[in-house]
file input_39.txt (compact mmCIF, C-alpha atoms and all ligand atoms)
# COMPACT_ATOMS: atom_id res chain seq x y z
CA MET A 1 2.03 44.90 -26.86
CA PRO A 2 3.00 45.22 -23.15
CA ALA A 3 3.30 48.80 -21.87
CA PRO A 4 6.88 50.06 -21.52
CA ALA A 5 8.29 49.84 -17.99
CA VAL A 6 8.68 53.61 -17.76
CA ASN A 7 4.88 54.07 -17.71
CA LEU A 8 4.60 51.72 -14.75
CA LEU A 9 7.24 53.72 -12.92
CA GLN A 10 5.34 56.94 -13.53
CA LEU A 11 2.14 55.42 -12.17
CA THR A 12 3.81 54.39 -8.94
CA ASN A 13 5.66 57.70 -8.53
CA THR A 14 5.15 58.85 -4.93
CA ASN A 15 4.26 62.37 -6.16
CA ALA A 16 0.99 60.88 -7.33
CA MET A 17 0.16 59.47 -3.86
CA PRO A 18 -2.39 61.46 -1.87
CA LYS A 19 -0.67 63.68 0.70
CA THR A 20 -1.49 63.17 4.36
CA THR A 21 -2.05 65.60 7.21
CA HIS A 22 -3.45 65.67 10.74
CA PHE A 23 -7.09 65.71 11.70
CA GLY A 24 -6.63 66.09 15.44
CA PHE A 25 -4.36 63.16 16.41
CA GLU A 26 -5.34 61.09 13.36
CA ILE A 27 -3.33 61.03 10.13
CA VAL A 28 -5.67 61.35 7.16
CA ASN A 29 -5.51 62.26 3.46
CA GLU A 30 -5.65 66.00 2.84
CA GLY A 31 -9.03 65.82 1.11
CA GLU A 32 -10.43 63.79 4.02
CA LYS A 33 -9.29 66.47 6.50
CA THR A 34 -11.08 69.21 4.53
CA ARG A 35 -14.28 67.11 4.44
CA ARG A 36 -14.14 66.28 8.13
CA VAL A 37 -13.45 69.89 9.19
CA GLY A 38 -16.44 70.87 7.05
CA ARG A 39 -18.63 68.33 8.87
CA VAL A 40 -17.44 69.56 12.30
CA PHE A 41 -18.49 73.14 11.57
CA GLU A 42 -21.75 72.15 9.91
CA ALA A 43 -22.56 70.21 13.07
CA VAL A 44 -21.66 72.97 15.54
CA ALA A 45 -22.76 76.12 13.63
CA THR A 46 -26.01 76.81 15.49
CA ARG A 47 -24.52 76.11 18.95
CA TYR A 48 -21.09 77.56 18.20
CA ASP A 49 -21.48 80.87 20.07
CA LEU A 50 -23.05 79.32 23.15
CA MET A 51 -20.31 76.68 23.26
CA ASN A 52 -17.59 79.33 22.96
CA ASP A 53 -18.97 81.16 25.99
CA LEU A 54 -19.33 77.96 28.01
CA MET A 55 -15.92 76.52 27.13
CA SER A 56 -13.92 79.70 27.69
CA GLY A 57 -16.04 81.19 30.50
CA GLY A 58 -16.57 84.19 28.20
CA LEU A 59 -12.81 84.76 27.83
CA HIS A 60 -12.93 84.42 24.03
CA ARG A 61 -14.72 87.79 23.94
CA LEU A 62 -11.78 89.46 25.68
CA TRP A 63 -9.22 87.71 23.43
CA LYS A 64 -11.10 88.92 20.35
CA ARG A 65 -11.40 92.48 21.70
CA PHE A 66 -7.66 92.48 22.36
CA ALA A 67 -6.98 91.37 18.77
CA VAL A 68 -9.12 94.15 17.32
CA GLU A 69 -7.52 96.73 19.66
CA LEU A 70 -4.06 95.73 18.44
CA SER A 71 -5.09 95.72 14.78
CA GLY A 72 -4.65 99.48 14.57
CA VAL A 73 -7.65 99.56 12.23
CA LEU A 74 -8.98 103.10 11.71
CA PRO A 75 -12.30 104.53 10.54
CA GLY A 76 -12.70 104.21 6.77
CA GLN A 77 -10.34 101.23 6.40
CA GLN A 78 -10.95 97.85 4.73
CA VAL A 79 -10.72 94.60 6.68
CA LEU A 80 -10.87 90.95 5.62
CA ASP A 81 -11.97 88.50 8.34
CA VAL A 82 -10.78 85.08 7.12
CA ALA A 83 -12.54 81.97 8.50
CA GLY A 84 -14.75 84.50 10.23
CA GLY A 85 -17.52 82.03 11.07
CA THR A 86 -20.20 83.59 13.24
CA ALA A 87 -18.62 87.04 12.79
CA ASP A 88 -17.40 88.00 16.27
CA LEU A 89 -14.33 89.77 14.86
CA SER A 90 -16.22 91.16 11.87
CA ARG A 91 -18.72 92.89 14.16
CA LEU A 92 -15.95 94.48 16.23
CA PHE A 93 -14.14 95.57 13.06
CA ALA A 94 -17.36 96.91 11.50
CA LYS A 95 -17.84 99.13 14.54
CA ARG A 96 -14.28 100.44 14.21
CA VAL A 97 -14.23 101.15 10.47
CA GLY A 98 -17.60 102.92 10.56
CA SER A 99 -19.85 103.65 7.60
CA ASN A 100 -16.97 104.78 5.33
CA GLY A 101 -15.01 101.56 5.84
CA LYS A 102 -15.63 98.00 4.70
CA VAL A 103 -15.50 94.60 6.38
CA VAL A 104 -15.58 91.36 4.40
CA LEU A 105 -16.62 88.29 6.38
CA SER A 106 -15.32 85.12 4.69
CA ASP A 107 -15.52 81.44 5.51
CA ILE A 108 -15.38 78.15 3.63
CA ASN A 109 -18.42 76.79 5.45
CA ALA A 110 -21.90 77.94 4.41
CA ALA A 111 -23.53 76.94 7.73
CA MET A 112 -21.12 79.09 9.77
CA LEU A 113 -21.20 81.95 7.25
CA VAL A 114 -25.02 82.17 7.28
CA VAL A 115 -25.04 82.50 11.09
CA GLY A 116 -22.31 85.16 10.85
CA ARG A 117 -24.00 87.12 8.07
CA ASP A 118 -27.33 87.17 9.97
CA ARG A 119 -25.65 88.31 13.17
CA LEU A 120 -23.98 91.17 11.30
CA PHE A 121 -27.27 92.27 9.75
CA ASP A 122 -29.07 91.96 13.11
CA ALA A 123 -26.42 94.23 14.64
CA GLY A 124 -27.03 96.79 11.90
CA TYR A 125 -23.92 96.20 9.77
CA ALA A 126 -24.08 95.66 6.01
CA ALA A 127 -20.83 93.69 5.71
CA LEU A 128 -20.14 91.51 2.70
CA ALA A 129 -20.21 87.73 3.36
CA VAL A 130 -18.11 85.64 0.97
CA GLN A 131 -17.88 81.84 0.96
CA CYS A 132 -14.30 80.96 0.03
CA ASP A 133 -11.28 78.90 0.92
CA ALA A 134 -8.58 80.83 2.81
CA GLU A 135 -6.02 78.99 0.71
CA LYS A 136 -7.38 80.58 -2.50
CA LEU A 137 -8.72 84.00 -1.59
CA PRO A 138 -10.81 85.55 -4.41
CA PHE A 139 -9.56 89.10 -3.74
CA PRO A 140 -7.03 91.31 -5.54
CA ALA A 141 -3.49 91.78 -4.25
CA ASN A 142 -2.56 94.84 -2.17
CA HIS A 143 -6.13 95.65 -1.21
CA PHE A 144 -6.96 95.34 2.51
CA ASP A 145 -5.62 97.36 5.44
CA CYS A 146 -5.97 94.36 7.73
CA ALA A 147 -6.52 90.61 7.29
CA SER A 148 -7.37 88.57 10.36
CA VAL A 149 -7.98 84.93 11.17
CA ALA A 150 -9.31 83.94 14.59
CA PHE A 151 -9.35 80.27 15.65
CA GLY A 152 -9.43 79.25 11.99
CA LEU A 153 -5.83 78.62 10.93
CA ARG A 154 -5.64 75.43 13.02
CA ASN A 155 -8.34 73.87 10.86
CA MET A 156 -6.70 74.58 7.54
CA THR A 157 -4.92 71.92 5.53
CA HIS A 158 -2.17 74.14 4.10
CA LYS A 159 -1.59 76.79 6.76
CA GLU A 160 1.42 78.32 4.95
CA GLN A 161 -0.67 78.76 1.81
CA ALA A 162 -3.45 80.50 3.76
CA LEU A 163 -0.95 82.87 5.41
CA THR A 164 0.64 83.64 2.03
CA GLU A 165 -2.78 84.42 0.61
CA MET A 166 -3.60 86.74 3.53
CA ALA A 167 -0.29 88.57 3.02
CA ARG A 168 -0.97 88.84 -0.74
CA VAL A 169 -4.30 90.63 -0.32
CA LEU A 170 -2.85 93.15 2.18
CA ARG A 171 -1.68 96.55 0.97
CA PRO A 172 1.90 97.48 1.88
CA GLY A 173 1.83 98.47 5.57
CA GLY A 174 -1.29 96.36 6.14
CA ARG A 175 -1.55 94.14 9.22
CA LEU A 176 -1.92 90.39 9.33
CA LEU A 177 -3.44 89.08 12.59
CA VAL A 178 -3.66 85.47 13.76
CA LEU A 179 -5.57 84.77 16.97
CA GLU A 180 -5.28 81.08 17.79
CA PHE A 181 -4.98 78.54 20.56
CA SER A 182 -1.33 78.04 21.36
CA HIS A 183 1.06 76.36 23.76
CA VAL A 184 0.19 76.97 27.38
CA TRP A 185 2.66 77.82 30.16
CA LYS A 186 4.23 74.49 31.20
CA PRO A 187 3.16 74.40 34.90
CA LEU A 188 -0.46 74.74 33.78
CA GLN A 189 -0.30 71.93 31.23
CA PRO A 190 -1.58 69.03 33.41
CA LEU A 191 -4.63 71.02 34.48
CA TYR A 192 -5.21 72.29 30.94
CA ASN A 193 -4.93 68.76 29.52
CA ALA A 194 -7.46 67.42 32.01
CA TYR A 195 -9.86 70.24 31.13
CA SER A 196 -9.41 69.82 27.36
CA PHE A 197 -9.68 66.06 27.12
CA LYS A 198 -12.22 65.36 29.87
CA VAL A 199 -14.35 68.46 30.49
CA LEU A 200 -14.57 69.89 26.94
CA PRO A 201 -15.96 66.74 25.25
CA LEU A 202 -18.40 66.38 28.16
CA ILE A 203 -19.72 69.95 27.71
CA GLY A 204 -19.93 69.22 23.95
CA LYS A 205 -21.91 66.08 24.63
CA ILE A 206 -24.38 67.72 27.02
CA VAL A 207 -24.91 71.04 25.24
CA ALA A 208 -24.40 70.20 21.56
CA GLN A 209 -24.93 66.41 21.68
CA ASP A 210 -21.57 66.20 19.96
CA ALA A 211 -18.58 65.01 21.99
CA ALA A 212 -16.53 64.12 18.88
CA SER A 213 -16.32 67.67 17.50
CA TYR A 214 -15.04 68.95 20.84
CA ARG A 215 -12.53 66.10 21.15
CA TYR A 216 -11.27 67.21 17.72
CA LEU A 217 -10.99 70.76 19.09
CA ALA A 218 -8.72 69.60 21.96
CA GLU A 219 -6.61 67.42 19.67
CA SER A 220 -6.23 70.07 16.95
CA ILE A 221 -4.97 72.56 19.55
CA ARG A 222 -2.22 70.13 20.56
CA MET A 223 -1.16 69.64 16.92
CA HIS A 224 -1.00 73.38 16.17
CA PRO A 225 2.45 75.05 15.86
CA ASP A 226 3.76 76.77 18.98
CA GLN A 227 4.20 80.54 19.25
CA GLU A 228 7.74 80.72 17.80
CA THR A 229 7.00 78.32 14.93
CA LEU A 230 3.92 80.29 13.91
CA LYS A 231 5.93 83.52 14.07
CA HIS A 232 8.39 82.06 11.53
CA MET A 233 5.54 80.84 9.34
CA ILE A 234 4.10 84.38 9.21
CA GLU A 235 7.55 85.75 8.34
CA ASN A 236 7.89 83.13 5.60
CA ALA A 237 4.52 84.25 4.25
CA GLY A 238 6.12 87.66 3.61
CA CYS A 239 5.41 89.69 6.77
CA VAL A 240 7.91 91.68 8.82
CA SER A 241 8.10 92.90 12.44
CA VAL A 242 6.14 89.83 13.50
CA GLU A 243 5.48 89.62 17.22
CA TYR A 244 3.13 87.69 19.44
CA PHE A 245 1.25 88.28 22.67
CA ASN A 246 0.41 85.39 24.95
CA LEU A 247 -3.08 85.60 26.41
CA SER A 248 -4.29 83.64 29.44
CA ALA A 249 -0.84 82.07 29.99
CA GLY A 250 -0.49 81.05 26.35
CA ILE A 251 -3.80 79.23 26.06
CA VAL A 252 -4.21 81.65 23.18
CA ALA A 253 -1.67 83.79 21.31
CA LEU A 254 -2.19 86.80 19.09
CA HIS A 255 0.39 87.10 16.29
CA ARG A 256 0.71 90.36 14.38
CA GLY A 257 2.84 91.09 11.32
CA TYR A 258 3.08 93.81 8.67
CA LYS A 259 3.29 93.59 4.90
CA PRO A 260 6.45 95.49 3.87
N1 LIG B 301 -13.37 83.23 13.48
C1 LIG B 301 -14.54 82.71 14.16
C2 LIG B 301 -14.38 82.89 15.64
O1 LIG B 301 -13.31 83.29 16.08
O2 LIG B 301 -15.33 82.63 16.37
C3 LIG B 301 -14.80 81.24 13.80
C4 LIG B 301 -13.73 80.27 14.18
S1 LIG B 301 -14.19 78.60 13.93
C5 LIG B 301 -13.38 77.80 15.26
C6 LIG B 301 -13.18 78.10 12.60
C7 LIG B 301 -13.73 78.51 11.24
O3 LIG B 301 -12.74 78.22 10.25
C8 LIG B 301 -14.97 77.75 10.81
O4 LIG B 301 -16.02 78.65 10.57
C9 LIG B 301 -14.55 77.01 9.56
O5 LIG B 301 -15.56 76.85 8.61
C10 LIG B 301 -13.42 77.90 9.06
N2 LIG B 301 -12.49 77.26 8.13
C11 LIG B 301 -11.88 76.06 8.24
N3 LIG B 301 -11.10 75.82 7.18
C12 LIG B 301 -11.20 76.91 6.36
C13 LIG B 301 -10.63 77.28 5.11
N4 LIG B 301 -9.76 76.48 4.48
N5 LIG B 301 -10.95 78.48 4.58
C14 LIG B 301 -11.82 79.31 5.20
N6 LIG B 301 -12.41 79.01 6.39
C15 LIG B 301 -12.08 77.83 6.97

call {"tool": "encode", "arguments": {"input": "input_39.txt", "output": "C-alpha cells"}}
result
Amino acid sequence: MPAPAVNLLQLTNTNAMPKTTHFGFEIVNEGEKTRRVGRVFEAVATRYDLMNDLMSGGLHRLWKRFAVELSGVLPGQQVLDVAGGTADLSRLFAKRVGSNGKVVLSDINAAMLVVGRDRLFDAGYAALAVQCDAEKLPFPANHFDCASVAFGLRNMTHKEQALTEMARVLRPGGRLLVLEFSHVWKPLQPLYNAYSFKVLPLIGKIVAQDAASYRYLAESIRMHPDQETLKHMIENAGCVSVEYFNLSAGIVALHRGYKP
C-alpha cells in the first residue's frame, strides 16, 4: 500500500534540514563548522602562543591583562575560563584567586587543552582542566564568581547558547566577560584589512605552515557581531549593566556584564 501523503510532507519538512552557519566567509552545515573549527585548533595548538605574539606584536598579553583587571575577581573566588585554550587567562586568574580560590580551564579541543593544562602546571598552578562544549557546560547553576571567554566565542556555532550557559553557571552578582576581536575604527579599516588578509596568512604559512587556518581567523573576525550587537546578545543571555571597552581602536573589545 502506498504511504499516505502526510508522511512525505513530514519527511520534506524544512525543520528536518540541516541548519547552516558561517565558517569564515563560507556557508556550511552547523556540524561541518564544528568539525572544521576543531581541525583548525588541532593544527595550530603547538604554535598557537608563538603565533599570537607574532600576529599581535605581543598586544594580546595586554588585552588579556586588561580583561582580568576588569573582572573584579578577588582572592578565594571561583572562575571558569571557557574556551580557555592554552590558558593565558586561566594563569592570570589563578594568580589573582590564590590558593583558596579555584580556576577551571575548559575547552572543547583536547589538543589546546593539553597545552593549557601543562602550562598551568609548569607555572605552579593546580587548576582543573575540563574538556567540554561551551554550549553545554557541565557545571551547576549559580556557582562561579566569574565566567570568561577570550577569543573563543567567534568560533562557536550557537553563540547565544554559549552566553546563556555562561550566565547560568554564574552566581547572582557574578561577572561574565567576553574578550573578542571586534569592529575596528572606520579610518583604520583599509590598513587593518590589508594586514588581516595579506600579512596574517603569510605569517601563518611561514611560521605554522598553515595559511588556511589564519585566513579563517581573518574571515571569522569579519563575520563576528559588532560591539553593540554583542552587548545585546549578552543582555539577552540574562546579564545586566553590560558595557564594553574598545581596545586598540576596536580591533578587540572587552564586554562585561553581571548576573542579576
Ligand atoms: N582563550 C584562549 C586565548 O585567549 O588564547 C584560546 C582562544 S582560541 C582562539 C579559541 C578556542 O576556542 C580554541 O581553543 C577552541 O578549541 C575553543 N572553542 C571553539 N569552539 C568551542 C566550543 N564550542 N566550546 C568550547 N571551546 C571552544

call {"tool": "closest_atom_pairs", "arguments": {"input": "input_39.txt", "of": "chain A", "to": "ligand LIG 301 (chain B)", "cutoff": "9 Å", "atoms": "only C-alpha atoms and all ligand atoms", "output": "CSV"}}
result
residue,atom,partner,partner_atom,distance
A:Thr34,CA,B:LIG301,N3,7.1
A:Val37,CA,B:LIG301,C11,6.4
A:Gly38,CA,B:LIG301,O5,6.2
A:Val40,CA,B:LIG301,O5,8.4
A:Phe41,CA,B:LIG301,O5,5.6
A:Glu42,CA,B:LIG301,O5,7.9
A:Ala45,CA,B:LIG301,O4,7.8
A:Tyr48,CA,B:LIG301,O2,7.9
A:Asp49,CA,B:LIG301,O2,7.4
A:Asn52,CA,B:LIG301,O2,7.7
A:His60,CA,B:LIG301,O1,8.0
A:Lys64,CA,B:LIG301,O1,7.4
A:Asp81,CA,B:LIG301,N1,7.5
A:Val82,CA,B:LIG301,C14,6.2
A:Ala83,CA,B:LIG301,N6,3.6
A:Gly84,CA,B:LIG301,N1,3.8
A:Gly85,CA,B:LIG301,O4,3.7
A:Thr86,CA,B:LIG301,C1,5.8
A:Ala87,CA,B:LIG301,C1,6.1
A:Asp88,CA,B:LIG301,O2,5.8
A:Leu89,CA,B:LIG301,O1,6.7
A:Ser90,CA,B:LIG301,N1,8.6
A:Ser106,CA,B:LIG301,C14,6.8
A:Asp107,CA,B:LIG301,N6,4.0
A:Ile108,CA,B:LIG301,C14,4.1
A:Asn109,CA,B:LIG301,O5,4.3
A:Ala110,CA,B:LIG301,O5,7.7
A:Ala111,CA,B:LIG301,O5,8.0
A:Met112,CA,B:LIG301,O4,5.2
A:Leu113,CA,B:LIG301,O4,7.0
A:Gly116,CA,B:LIG301,C1,8.8
A:Gln131,CA,B:LIG301,C14,7.8
A:Cys132,CA,B:LIG301,C14,6.0
A:Asp133,CA,B:LIG301,N5,3.7
A:Ala134,CA,B:LIG301,N5,3.8
A:Glu135,CA,B:LIG301,N4,5.9
A:Lys136,CA,B:LIG301,N5,8.2
A:Leu137,CA,B:LIG301,N5,8.6
A:Ser148,CA,B:LIG301,N1,8.6
A:Val149,CA,B:LIG301,N1,6.1
A:Ala150,CA,B:LIG301,N1,4.3
A:Phe151,CA,B:LIG301,C4,4.6
A:Gly152,CA,B:LIG301,O3,3.9
A:Leu153,CA,B:LIG301,O3,7.0
A:Arg154,CA,B:LIG301,C11,7.9
A:Asn155,CA,B:LIG301,C11,4.9
A:Met156,CA,B:LIG301,N3,4.6
A:Thr157,CA,B:LIG301,N4,6.7
A:His158,CA,B:LIG301,N4,8.0
A:Lys159,CA,B:LIG301,N4,8.5
A:Ala162,CA,B:LIG301,N4,7.5
A:Leu179,CA,B:LIG301,O1,7.9
A:Glu180,CA,B:LIG301,O1,8.5
A:Leu217,CA,B:LIG301,C5,8.4

call {"tool": "axis_aligned_box", "arguments": {"input": "input_39.txt", "around": "region 194-200 of chain A", "padding_each_side": "4 Å", "output": "lines of an AutoDock Vina configuration file"}}
result
center_x = -11.0
center_y = 67.8
center_z = 29.5
size_x = 15.1
size_y = 12.9
size_z = 13.1

call {"tool": "atom_distance", "arguments": {"input": "input_39.txt", "atom1": "CA of Arg117 (chain A)", "atom2": "CA of Val97 (chain A)"}}
result
17.3 Å

call {"tool": "closest_residue", "arguments": {"input": "input_39.txt", "among": "A:Tyr125, A:Trp63, A:Phe197, A:Tyr192", "to": "Val178 (chain A)", "atoms": "all atoms listed in the file"}}
result
A:Trp63

call {"tool": "closest_residue", "arguments": {"input": "input_39.txt", "among": "A:Tyr214, A:Phe139, A:Leu128, A:Trp185", "to": "Lys198 (chain A)", "atoms": "all atoms listed in the file"}}
result
A:Tyr214

call {"tool": "residues_near_point", "arguments": {"input": "input_39.txt", "point": "(-25.3, 98.9, 10.5)", "cutoff": "10 Å", "atoms": "all atoms listed in the file", "output": "PyMOL selection string"}}
result
chain A and resi 91+94-95+98-99+120-127

call {"tool": "atom_distance", "arguments": {"input": "input_39.txt", "atom1": "CA of Met223 (chain A)", "atom2": "CA of Arg168 (chain A)"}}
result
26.1 Å

call {"tool": "atom_distance", "arguments": {"input": "input_39.txt", "atom1": "CA of Gly250 (chain A)", "atom2": "CA of Met51 (chain A)"}}
result
20.5 Å

call {"tool": "residues_around", "arguments": {"input": "input_39.txt", "residues": "Lys19 (chain A)", "least_positions_apart": "6", "cutoff": "12 Å", "atoms": "all atoms listed in the file", "output": "number ranges by chain"}}
result
A: 27-33, 157-158

call {"tool": "closest_residue", "arguments": {"input": "input_39.txt", "among": "A:Glu235, A:Asp226, A:Glu160, A:Glu165", "to": "Val184 (chain A)", "atoms": "all atoms listed in the file"}}
result
A:Asp226

call {"tool": "closest_residue", "arguments": {"input": "input_39.txt", "among": "A:Ala212, A:Pro18, A:Asn236, A:Tyr244", "to": "Arg39 (chain A)", "atoms": "all atoms listed in the file"}}
result
A:Ala212

call {"tool": "residues_near_point", "arguments": {"input": "input_39.txt", "point": "(-3.3, 79.8, 24.2)", "cutoff": "8 Å", "atoms": "all atoms listed in the file", "output": "PDB file with C-alpha atoms, keeping the file's coordinate frame"}}
result
ATOM      1  CA  GLU A 180      -5.280  81.080  17.790  1.00  0.00           C
ATOM      2  CA  PHE A 181      -4.980  78.540  20.560  1.00  0.00           C
ATOM      3  CA  SER A 182      -1.330  78.040  21.360  1.00  0.00           C
ATOM      4  CA  HIS A 183       1.060  76.360  23.760  1.00  0.00           C
ATOM      5  CA  VAL A 184       0.190  76.970  27.380  1.00  0.00           C
ATOM      6  CA  ASN A 246       0.410  85.390  24.950  1.00  0.00           C
ATOM      7  CA  LEU A 247      -3.080  85.600  26.410  1.00  0.00           C
ATOM      8  CA  SER A 248      -4.290  83.640  29.440  1.00  0.00           C
ATOM      9  CA  ALA A 249      -0.840  82.070  29.990  1.00  0.00           C
ATOM     10  CA  GLY A 250      -0.490  81.050  26.350  1.00  0.00           C
ATOM     11  CA  ILE A 251      -3.800  79.230  26.060  1.00  0.00           C
ATOM     12  CA  VAL A 252      -4.210  81.650  23.180  1.00  0.00           C
ATOM     13  CA  ALA A 253      -1.670  83.790  21.310  1.00  0.00           C
TER      14      ALA A 253
END

call {"tool": "closest_residue", "arguments": {"input": "input_39.txt", "among": "A:Thr20, A:Gln209, A:Gln78, A:Gln189", "to": "Arg222 (chain A)", "atoms": "only C-alpha atoms"}}
result
A:Gln189

call {"tool": "closest_residue", "arguments": {"input": "input_39.txt", "among": "A:Gly24, A:His255, A:Ser196, A:Arg61", "to": "Gln227 (chain A)", "atoms": "only C-alpha atoms"}}
result
A:His255
